Amino acid sequence: MQKVVGIRFKKAGKIYYFDPEELELPAGSFAIVETSRGLEFGEVVVAPRMVPDEEVVQPLKKVIRVASEEDCQQVLENRQKEEEAFEICLQKIREHGLDMKLVDVEYTFDRSKVIFYFTSEGRVDFRELVKDLAAVFRTRIELRQIGVRDEAKMIGGLGPCGRVLCCHTFLGEFEPVSIRMAKDQNLSLNPTKISGVCGRLMCCLRFESDAYELVRGEKEELEKEELDNDDIILEDDLT
């Protein structure tokens, strides 16, 4: 068994385990941790607890410290810088005439890197764009192409049900969704009826599928019991 704390860096993002050591880290607090991207600011969503060793991906990095007021202020400043960087990048994309859609900009906590997320239907030669951005921000630049589902998760919006997108509110990771799930739920197979705003099959088909399988299993078990009871009654009639 190993003591871990679960930390999330984005809303509805994946939960990562870290070694809390002896730090007091209740759920809802914030912490500074070391990641492959450098120092990051995250929210504690799973308070320190013991988990089996096989559930932990080694090596387990340690929590650096509990976030201070200065750390929280730096995060707010980073958000402001991200908005400014978004506008600058949009302008540079237009100047280079690139066929790409800028979705989001993210500064790492220590500002050692700026990540620009974009979508595009094909490959994009953004080497000159990276040079221009590096000259402006004077830090490491990363352009990361994402899919339409990731775009919807970042931007958010309302689904066909009228509620905020599941991927934007609570789904930490995307899971495979198949047309078979729609068939099992007796839904219309019209793509416009079972697709989300991203144009892919709705994520809710996946997590509601388990409930349908459970109900179907209980129904089959009940029908089997009724058949067994009918057989007993028939045998009694013969005797």
# chains A, B, ... in the order shown; residues from 1 in each chain; ligands from 1
>>> residues_around(residues="range 203-219 of chain A", least_positions_apart="6", cutoff="12 Å", atoms="only C-alpha atoms", output="VMD selection string")
chain A and resid 149 152 to 153 159 to 161 163 165 to 168 170 to 187 193 to 197 225 to 226
>>> write_last_selection(atoms="N, CA and C atoms", output="tab-separated table (two decimals), in the first residue's frame")
chain	number	residue	atom	x	y	z
A	149	ARG	N	-13.24	16.41	-30.20
A	149	ARG	CA	-13.77	16.11	-28.87
A	149	ARG	C	-13.02	16.90	-27.81
A	152	ALA	N	-14.26	20.51	-27.86
A	152	ALA	CA	-15.51	20.70	-27.14
A	152	ALA	C	-15.29	20.69	-25.63
A	153	LYS	N	-14.39	19.81	-25.17
A	153	LYS	CA	-14.09	19.72	-23.74
A	153	LYS	C	-13.50	21.01	-23.21
A	159	GLY	N	-25.30	20.78	-24.63
A	159	GLY	CA	-25.59	19.59	-25.41
A	159	GLY	C	-27.03	19.58	-25.88
A	160	PRO	N	-27.44	18.56	-26.65
A	160	PRO	CA	-28.82	18.44	-27.13
A	160	PRO	C	-29.83	18.35	-25.99
A	161	CYS	N	-29.35	17.92	-24.81
A	161	CYS	CA	-30.24	17.80	-23.65
A	161	CYS	C	-30.50	19.15	-22.99
A	163	ARG	N	-28.17	20.76	-21.25
A	163	ARG	CA	-27.26	20.94	-20.13
A	163	ARG	C	-25.84	21.16	-20.63
A	165	LEU	N	-22.06	20.54	-21.46
A	165	LEU	CA	-21.46	19.30	-21.95
A	165	LEU	C	-20.84	18.48	-20.82
A	166	CYS	N	-21.09	17.18	-20.87
A	166	CYS	CA	-20.55	16.27	-19.86
A	166	CYS	C	-19.02	16.33	-19.82
A	167	CYS	N	-18.40	16.36	-21.01
A	167	CYS	CA	-16.93	16.36	-21.07
A	167	CYS	C	-16.35	17.61	-20.45
A	168	HIS	N	-17.11	18.68	-20.41
A	168	HIS	CA	-16.63	19.96	-19.88
A	168	HIS	C	-16.88	20.06	-18.38
A	170	PHE	N	-17.65	16.99	-15.98
A	170	PHE	CA	-17.22	15.95	-15.04
A	170	PHE	C	-16.49	14.76	-15.67
A	171	LEU	N	-16.52	14.59	-16.98
A	171	LEU	CA	-15.82	13.45	-17.59
A	171	LEU	C	-14.32	13.72	-17.65
A	172	GLY	N	-13.56	13.00	-16.83
A	172	GLY	CA	-12.12	13.22	-16.81
A	172	GLY	C	-11.41	12.73	-18.05
A	173	GLU	N	-11.87	11.61	-18.60
A	173	GLU	CA	-11.24	11.03	-19.78
A	173	GLU	C	-12.30	10.56	-20.76
A	174	PHE	N	-11.97	10.59	-22.04
A	174	PHE	CA	-12.88	10.09	-23.06
A	174	PHE	C	-12.80	8.57	-23.13
A	175	GLU	N	-13.95	7.93	-23.30
A	175	GLU	CA	-13.99	6.48	-23.47
A	175	GLU	C	-14.62	6.17	-24.82
A	176	PRO	N	-14.29	5.00	-25.40
A	176	PRO	CA	-14.84	4.64	-26.71
A	176	PRO	C	-16.37	4.60	-26.69
A	177	VAL	N	-16.98	5.13	-27.73
A	177	VAL	CA	-18.44	5.11	-27.88
A	177	VAL	C	-18.75	4.47	-29.23
A	178	SER	N	-19.70	3.54	-29.24
A	178	SER	CA	-20.03	2.82	-30.47
A	178	SER	C	-21.50	2.98	-30.82
A	179	ILE	N	-21.82	2.76	-32.09
A	179	ILE	CA	-23.20	2.83	-32.56
A	179	ILE	C	-24.03	1.72	-31.93
A	180	ARG	N	-23.36	0.63	-31.51
A	180	ARG	CA	-24.04	-0.48	-30.85
A	180	ARG	C	-24.72	-0.01	-29.56
A	181	MET	N	-24.09	0.91	-28.87
A	181	MET	CA	-24.67	1.43	-27.63
A	181	MET	C	-25.98	2.15	-27.90
A	182	ALA	N	-26.06	2.87	-29.01
A	182	ALA	CA	-27.30	3.55	-29.37
A	182	ALA	C	-28.38	2.52	-29.69
A	183	LYS	N	-28.02	1.45	-30.39
A	183	LYS	CA	-28.98	0.39	-30.73
A	183	LYS	C	-29.52	-0.26	-29.46
A	184	ASP	N	-28.62	-0.57	-28.51
A	184	ASP	CA	-29.05	-1.22	-27.28
A	184	ASP	C	-29.99	-0.35	-26.46
A	185	GLN	N	-29.91	0.97	-26.65
A	185	GLN	CA	-30.76	1.89	-25.90
A	185	GLN	C	-32.00	2.31	-26.69
A	186	ASN	N	-32.23	1.59	-27.83
A	186	ASN	CA	-33.41	1.83	-28.67
A	186	ASN	C	-33.52	3.29	-29.12
A	187	LEU	N	-32.37	3.87	-29.46
A	187	LEU	CA	-32.36	5.25	-29.93
A	187	LEU	C	-32.36	5.31	-31.45
A	193	LYS	N	-29.26	12.93	-34.33
A	193	LYS	CA	-29.93	12.69	-33.06
A	193	LYS	C	-28.99	12.14	-31.99
A	194	ILE	N	-27.92	11.48	-32.40
A	194	ILE	CA	-27.05	10.81	-31.42
A	194	ILE	C	-25.64	11.38	-31.41
A	195	SER	N	-25.45	12.52	-32.09
A	195	SER	CA	-24.13	13.16	-32.11
A	195	SER	C	-24.13	14.41	-31.24
A	196	GLY	N	-22.99	14.67	-30.62
A	196	GLY	CA	-22.85	15.86	-29.79
A	196	GLY	C	-22.44	17.06	-30.62
A	197	VAL	N	-22.16	18.16	-29.95
A	197	VAL	CA	-21.78	19.38	-30.67
A	197	VAL	C	-20.44	19.22	-31.38
A	225	GLU	N	-36.35	-16.98	-14.32
A	225	GLU	CA	-37.03	-17.47	-13.12
A	225	GLU	C	-38.48	-17.81	-13.43
A	226	GLU	N	-39.14	-16.97	-14.25
A	226	GLU	CA	-40.53	-17.23	-14.60
A	226	GLU	C	-40.66	-18.52	-15.41
>>> residues_around(residues="Asp110 in chain A", least_positions_apart="5", cutoff="9 Å", atoms="only C-alpha atoms", output="number ranges by chain")
A: 38-40, 74
>>> write_last_selection(atoms="N, CA, C and O atoms", output="PDB file, in the first residue's frame")
ATOM      1  N   GLY A  38       7.275  20.759 -15.705  1.00  0.00           N
ATOM      2  CA  GLY A  38       7.793  21.719 -14.742  1.00  0.00           C
ATOM      3  C   GLY A  38       6.832  21.847 -13.563  1.00  0.00           C
ATOM      4  O   GLY A  38       5.997  20.975 -13.321  1.00  0.00           O
ATOM      5  N   LEU A  39       6.944  22.928 -12.814  1.00  0.00           N
ATOM      6  CA  LEU A  39       6.054  23.142 -11.677  1.00  0.00           C
ATOM      7  C   LEU A  39       4.649  23.464 -12.166  1.00  0.00           C
ATOM      8  O   LEU A  39       4.470  24.240 -13.097  1.00  0.00           O
ATOM      9  N   GLU A  40       3.647  22.850 -11.508  1.00  0.00           N
ATOM     10  CA  GLU A  40       2.252  23.079 -11.884  1.00  0.00           C
ATOM     11  C   GLU A  40       1.409  23.313 -10.637  1.00  0.00           C
ATOM     12  O   GLU A  40       1.709  22.801  -9.551  1.00  0.00           O
ATOM     13  N   GLN A  74      -0.306  34.291  -8.852  1.00  0.00           N
ATOM     14  CA  GLN A  74       0.433  34.027 -10.084  1.00  0.00           C
ATOM     15  C   GLN A  74      -0.441  33.294 -11.099  1.00  0.00           C
ATOM     16  O   GLN A  74      -0.350  33.550 -12.298  1.00  0.00           O
TER      17      GLN A  74
END
>>> residues_around(residues="Leu76 in chain A", least_positions_apart="5", cutoff="12 Å", atoms="only C-alpha atoms", output="PyMOL selection string")
chain A and resi 41+69-71+81-83+107+109
>>> write_last_selection(atoms="all heavy atoms", output="mmCIF file, in the first residue's frame")
data_model
loop_
_atom_site.group_PDB
_atom_site.id
_atom_site.type_symbol
_atom_site.label_atom_id
_atom_site.label_comp_id
_atom_site.auth_asym_id
_atom_site.auth_seq_id
_atom_site.Cartn_x
_atom_site.Cartn_y
_atom_site.Cartn_z
ATOM 1 N N PHE A 41 0.347 24.077 -10.834
ATOM 2 C CA PHE A 41 -0.621 24.419 -9.779
ATOM 3 C C PHE A 41 -1.849 23.551 -9.998
ATOM 4 O O PHE A 41 -2.415 23.528 -11.094
ATOM 5 C CB PHE A 41 -0.964 25.904 -9.895
ATOM 6 C CG PHE A 41 -2.011 26.396 -8.933
ATOM 7 C CD1 PHE A 41 -1.641 27.022 -7.752
ATOM 8 C CD2 PHE A 41 -3.363 26.263 -9.212
ATOM 9 C CE1 PHE A 41 -2.603 27.515 -6.873
ATOM 10 C CE2 PHE A 41 -4.329 26.740 -8.348
ATOM 11 C CZ PHE A 41 -3.955 27.362 -7.168
ATOM 12 N N GLU A 69 -0.909 32.223 -1.090
ATOM 13 C CA GLU A 69 -1.658 33.303 -1.727
ATOM 14 C C GLU A 69 -0.896 33.850 -2.929
ATOM 15 O O GLU A 69 -1.501 34.218 -3.945
ATOM 16 C CB GLU A 69 -1.934 34.418 -0.712
ATOM 17 C CG GLU A 69 -2.916 34.035 0.381
ATOM 18 C CD GLU A 69 -3.261 35.221 1.264
ATOM 19 O OE1 GLU A 69 -2.857 36.359 0.910
ATOM 20 O OE2 GLU A 69 -3.935 35.018 2.285
ATOM 21 N N GLU A 70 0.432 33.885 -2.812
ATOM 22 C CA GLU A 70 1.259 34.351 -3.930
ATOM 23 C C GLU A 70 1.126 33.413 -5.131
ATOM 24 O O GLU A 70 1.086 33.859 -6.288
ATOM 25 C CB GLU A 70 2.724 34.460 -3.502
ATOM 26 C CG GLU A 70 3.024 35.585 -2.530
ATOM 27 C CD GLU A 70 2.602 35.244 -1.103
ATOM 28 O OE1 GLU A 70 2.259 34.054 -0.847
ATOM 29 O OE2 GLU A 70 2.619 36.144 -0.243
ATOM 30 N N ASP A 71 1.045 32.119 -4.861
ATOM 31 C CA ASP A 71 0.873 31.144 -5.943
ATOM 32 C C ASP A 71 -0.462 31.351 -6.645
ATOM 33 O O ASP A 71 -0.546 31.311 -7.874
ATOM 34 C CB ASP A 71 0.946 29.714 -5.392
ATOM 35 C CG ASP A 71 2.334 29.371 -4.876
ATOM 36 O OD1 ASP A 71 3.315 29.894 -5.419
ATOM 37 O OD2 ASP A 71 2.420 28.573 -3.912
ATOM 38 N N LYS A 81 -2.329 36.604 -18.953
ATOM 39 C CA LYS A 81 -1.322 36.473 -20.001
ATOM 40 C C LYS A 81 -1.800 35.536 -21.114
ATOM 41 O O LYS A 81 -1.485 35.741 -22.294
ATOM 42 C CB LYS A 81 -0.012 35.953 -19.406
ATOM 43 C CG LYS A 81 0.759 36.987 -18.593
ATOM 44 C CD LYS A 81 2.049 36.403 -18.050
ATOM 45 C CE LYS A 81 2.887 37.462 -17.361
ATOM 46 N NZ LYS A 81 3.407 38.474 -18.311
ATOM 47 N N GLU A 82 -2.553 34.504 -20.744
ATOM 48 C CA GLU A 82 -3.078 33.565 -21.735
ATOM 49 C C GLU A 82 -4.043 34.252 -22.694
ATOM 50 O O GLU A 82 -4.032 33.987 -23.897
ATOM 51 C CB GLU A 82 -3.770 32.391 -21.023
ATOM 52 C CG GLU A 82 -2.806 31.435 -20.331
ATOM 53 C CD GLU A 82 -3.479 30.479 -19.390
ATOM 54 O OE1 GLU A 82 -4.718 30.563 -19.215
ATOM 55 O OE2 GLU A 82 -2.785 29.629 -18.807
ATOM 56 N N GLU A 83 -4.862 35.154 -22.162
ATOM 57 C CA GLU A 83 -5.792 35.891 -23.020
ATOM 58 C C GLU A 83 -5.033 36.778 -24.006
ATOM 59 O O GLU A 83 -5.396 36.865 -25.180
ATOM 60 C CB GLU A 83 -6.731 36.736 -22.151
ATOM 61 C CG GLU A 83 -7.683 35.913 -21.282
ATOM 62 C CD GLU A 83 -8.569 36.786 -20.421
ATOM 63 O OE1 GLU A 83 -8.477 38.038 -20.547
ATOM 64 O OE2 GLU A 83 -9.357 36.236 -19.628
ATOM 65 N N TYR A 107 -0.411 28.697 -20.169
ATOM 66 C CA TYR A 107 0.911 28.919 -19.590
ATOM 67 C C TYR A 107 1.137 27.866 -18.505
ATOM 68 O O TYR A 107 0.229 27.575 -17.723
ATOM 69 C CB TYR A 107 0.990 30.293 -18.922
ATOM 70 C CG TYR A 107 1.556 31.402 -19.770
ATOM 71 C CD1 TYR A 107 0.741 32.190 -20.570
ATOM 72 C CD2 TYR A 107 2.933 31.680 -19.750
ATOM 73 C CE1 TYR A 107 1.262 33.225 -21.336
ATOM 74 C CE2 TYR A 107 3.458 32.720 -20.521
ATOM 75 C CZ TYR A 107 2.617 33.484 -21.312
ATOM 76 O OH TYR A 107 3.142 34.504 -22.071
ATOM 77 N N PHE A 109 2.659 26.821 -14.896
ATOM 78 C CA PHE A 109 2.644 27.651 -13.690
ATOM 79 C C PHE A 109 3.890 28.518 -13.580
ATOM 80 O O PHE A 109 3.815 29.714 -13.263
ATOM 81 C CB PHE A 109 2.514 26.771 -12.450
ATOM 82 C CG PHE A 109 2.657 27.519 -11.154
ATOM 83 C CD1 PHE A 109 1.633 28.341 -10.699
ATOM 84 C CD2 PHE A 109 3.825 27.424 -10.413
ATOM 85 C CE1 PHE A 109 1.767 29.049 -9.512
ATOM 86 C CE2 PHE A 109 3.966 28.132 -9.231
ATOM 87 C CZ PHE A 109 2.938 28.940 -8.773
#
>>> closest_residue(among="A:Ala134, A:Cys72, A:Ala27, A:Ala47", to="Val4 in chain A", atoms="only C-alpha atoms")
A:Ala47
>>> select_by_dssp(residues="range 127-214 of chain A", states="strand (DSSP E)", output="VMD selection string")
chain A and resid 140 to 145
